[in-house]
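Colleague: Below is the structure I would like to discuss, written out as structure tokens.
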Amino acid sequence: MERFTQCLLTALILIVALGQFVQVVTRYVFQVPVMGLEETIMYPTLWLYIFGAVNASRENSHIRANVLEIFLKTERQHTILAIVGELISLVVGIWLLTWAWDYTRYAWRVWRESPTLYIPTFYADVALVVGLVLMMAYTITYLLMHVRSLRTAEGGAR
């Protein structure tokens, strides 16, 4: 899974960079903008942002401001704080997922299209649901790992 994620993110970065390069060269060097290129770049850009967030969830490397860790002394306290953080992330993520699901159902029903090339915007709209589902799966995985490590530590301490 990690290899697939790396390849996907690399491909998306290359597509976005190439698209921007073509846009800059054609617009500013040749003075002939490519119509619809910005529309098509929007799709891989959006998926890149979403899968970047999923990758951060997979690596458990989101930016955090855990000020409480300074005051906690034991490993058990750190694990409990991590569990609380994962639970809060899970609650907020599920709340956002319900909104994203409602929006995706709306996007499916309305089936909007981009203004120039008439590409269905649903393919960009669904990225949020896919990303949030994957992020919640990783959050649950880390939550279970923290709970398991807390139980193991308590079992070994007895």
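To be explicit about the labels: the chains of the structure tokens are called A, B, and onward in the order shown, and within each one the residues are counted from 1, while ligands get numbers from 1 in the order they are shown.
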Give me every alpha helix (DSSP H) residue in segment 20-60 of chain A, going by DSSP on the backbone, as a ChimeraX atom specification.
Modeller: /A:20-24,37-59
Colleague: Please identify all polymer residues within 8 Å of Leu97 of chain A, counting only C-alpha atoms, omitting same-chain residues fewer than 6 positions from it, and present them as JSON, numbers by chain.
Modeller: {"A": [129, 132, 133]}
Colleague: Just write the chosen residues, N, CA, C and O atoms, as a short mmCIF file (atom, residue, chain, number, x, y, z; two decimals), in the first residue's frame.
Modeller:
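Final file, part_11.cif:
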```
data_model
loop_
_atom_site.label_atom_id
_atom_site.label_comp_id
_atom_site.auth_asym_id
_atom_site.auth_seq_id
_atom_site.Cartn_x
_atom_site.Cartn_y
_atom_site.Cartn_z
N VAL A 129 -14.94 12.45 -0.10
CA VAL A 129 -15.48 11.27 0.60
C VAL A 129 -14.43 10.16 0.63
O VAL A 129 -14.20 9.55 1.67
N LEU A 132 -11.70 11.15 3.15
CA LEU A 132 -12.13 11.09 4.55
C LEU A 132 -12.32 9.65 5.01
O LEU A 132 -12.00 9.32 6.16
N VAL A 133 -12.84 8.78 4.15
CA VAL A 133 -13.00 7.37 4.52
C VAL A 133 -11.63 6.76 4.81
O VAL A 133 -11.44 6.08 5.82
#
```
Colleague: Between A:Leu68, A:Leu143, A:Val84, A:Leu9, which one has atoms that come closest to Ile50 of chain A, using only C-alpha atoms?
Modeller: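 Using only C-alpha atoms, Ile50 of chain A sits closest to A:Leu9.
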Colleague: Applying 8 Å and only C-alpha atoms, which residues near Leu48 of chain A remain after dropping the ones on its own chain fewer than 3 positions away? List them as a PyMOL selection string.
Modeller: chain A and resi 9+12-13+44-45+51-52
Colleague: Those same residues - all heavy atoms - I'd like them written as a short mmCIF file (atom, residue, chain, number, x, y, z; two decimals), in the first residue's frame.
Modeller:
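The result, written out as selection19.cif:
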```
data_model
loop_
_atom_site.label_atom_id
_atom_site.label_comp_id
_atom_site.auth_asym_id
_atom_site.auth_seq_id
_atom_site.Cartn_x
_atom_site.Cartn_y
_atom_site.Cartn_z
N LEU A 9 1.03 9.55 -5.58
CA LEU A 9 1.35 10.94 -5.26
C LEU A 9 2.41 11.51 -6.21
O LEU A 9 2.30 12.66 -6.66
CB LEU A 9 1.82 11.07 -3.81
CG LEU A 9 0.74 10.91 -2.75
CD1 LEU A 9 1.35 10.85 -1.35
CD2 LEU A 9 -0.28 12.02 -2.84
N LEU A 12 0.67 12.20 -9.55
CA LEU A 12 -0.17 13.40 -9.46
C LEU A 12 0.66 14.68 -9.43
O LEU A 12 0.32 15.66 -10.09
CB LEU A 12 -1.07 13.31 -8.22
CG LEU A 12 -2.22 12.30 -8.29
CD1 LEU A 12 -2.88 12.16 -6.93
CD2 LEU A 12 -3.23 12.69 -9.34
N ILE A 13 1.76 14.66 -8.70
CA ILE A 13 2.65 15.83 -8.66
C ILE A 13 3.20 16.11 -10.05
O ILE A 13 3.24 17.27 -10.50
CB ILE A 13 3.79 15.62 -7.64
CG1 ILE A 13 3.25 15.68 -6.22
CG2 ILE A 13 4.90 16.65 -7.84
CD1 ILE A 13 4.24 15.24 -5.16
N PRO A 44 -6.47 16.53 -11.00
CA PRO A 44 -5.33 15.91 -10.30
C PRO A 44 -4.85 16.74 -9.10
O PRO A 44 -4.35 16.18 -8.13
CB PRO A 44 -4.24 15.80 -11.37
CG PRO A 44 -4.65 16.67 -12.47
CD PRO A 44 -6.15 16.83 -12.39
N THR A 45 -5.02 18.08 -9.16
CA THR A 45 -4.62 18.92 -8.04
C THR A 45 -5.47 18.60 -6.81
O THR A 45 -4.95 18.43 -5.70
CB THR A 45 -4.75 20.41 -8.40
OG1 THR A 45 -3.94 20.69 -9.53
CG2 THR A 45 -4.36 21.30 -7.24
N PHE A 51 -5.14 13.08 -1.31
CA PHE A 51 -4.27 11.94 -1.04
C PHE A 51 -3.04 12.34 -0.23
O PHE A 51 -2.45 11.51 0.47
CB PHE A 51 -3.87 11.21 -2.32
CG PHE A 51 -4.91 10.24 -2.79
CD1 PHE A 51 -5.45 10.33 -4.05
CD2 PHE A 51 -5.36 9.23 -1.95
CE1 PHE A 51 -6.42 9.45 -4.48
CE2 PHE A 51 -6.33 8.35 -2.36
CZ PHE A 51 -6.85 8.45 -3.63
N GLY A 52 -2.63 13.61 -0.29
CA GLY A 52 -1.58 14.09 0.59
C GLY A 52 -2.03 14.04 2.04
O GLY A 52 -1.26 13.63 2.93
#
```
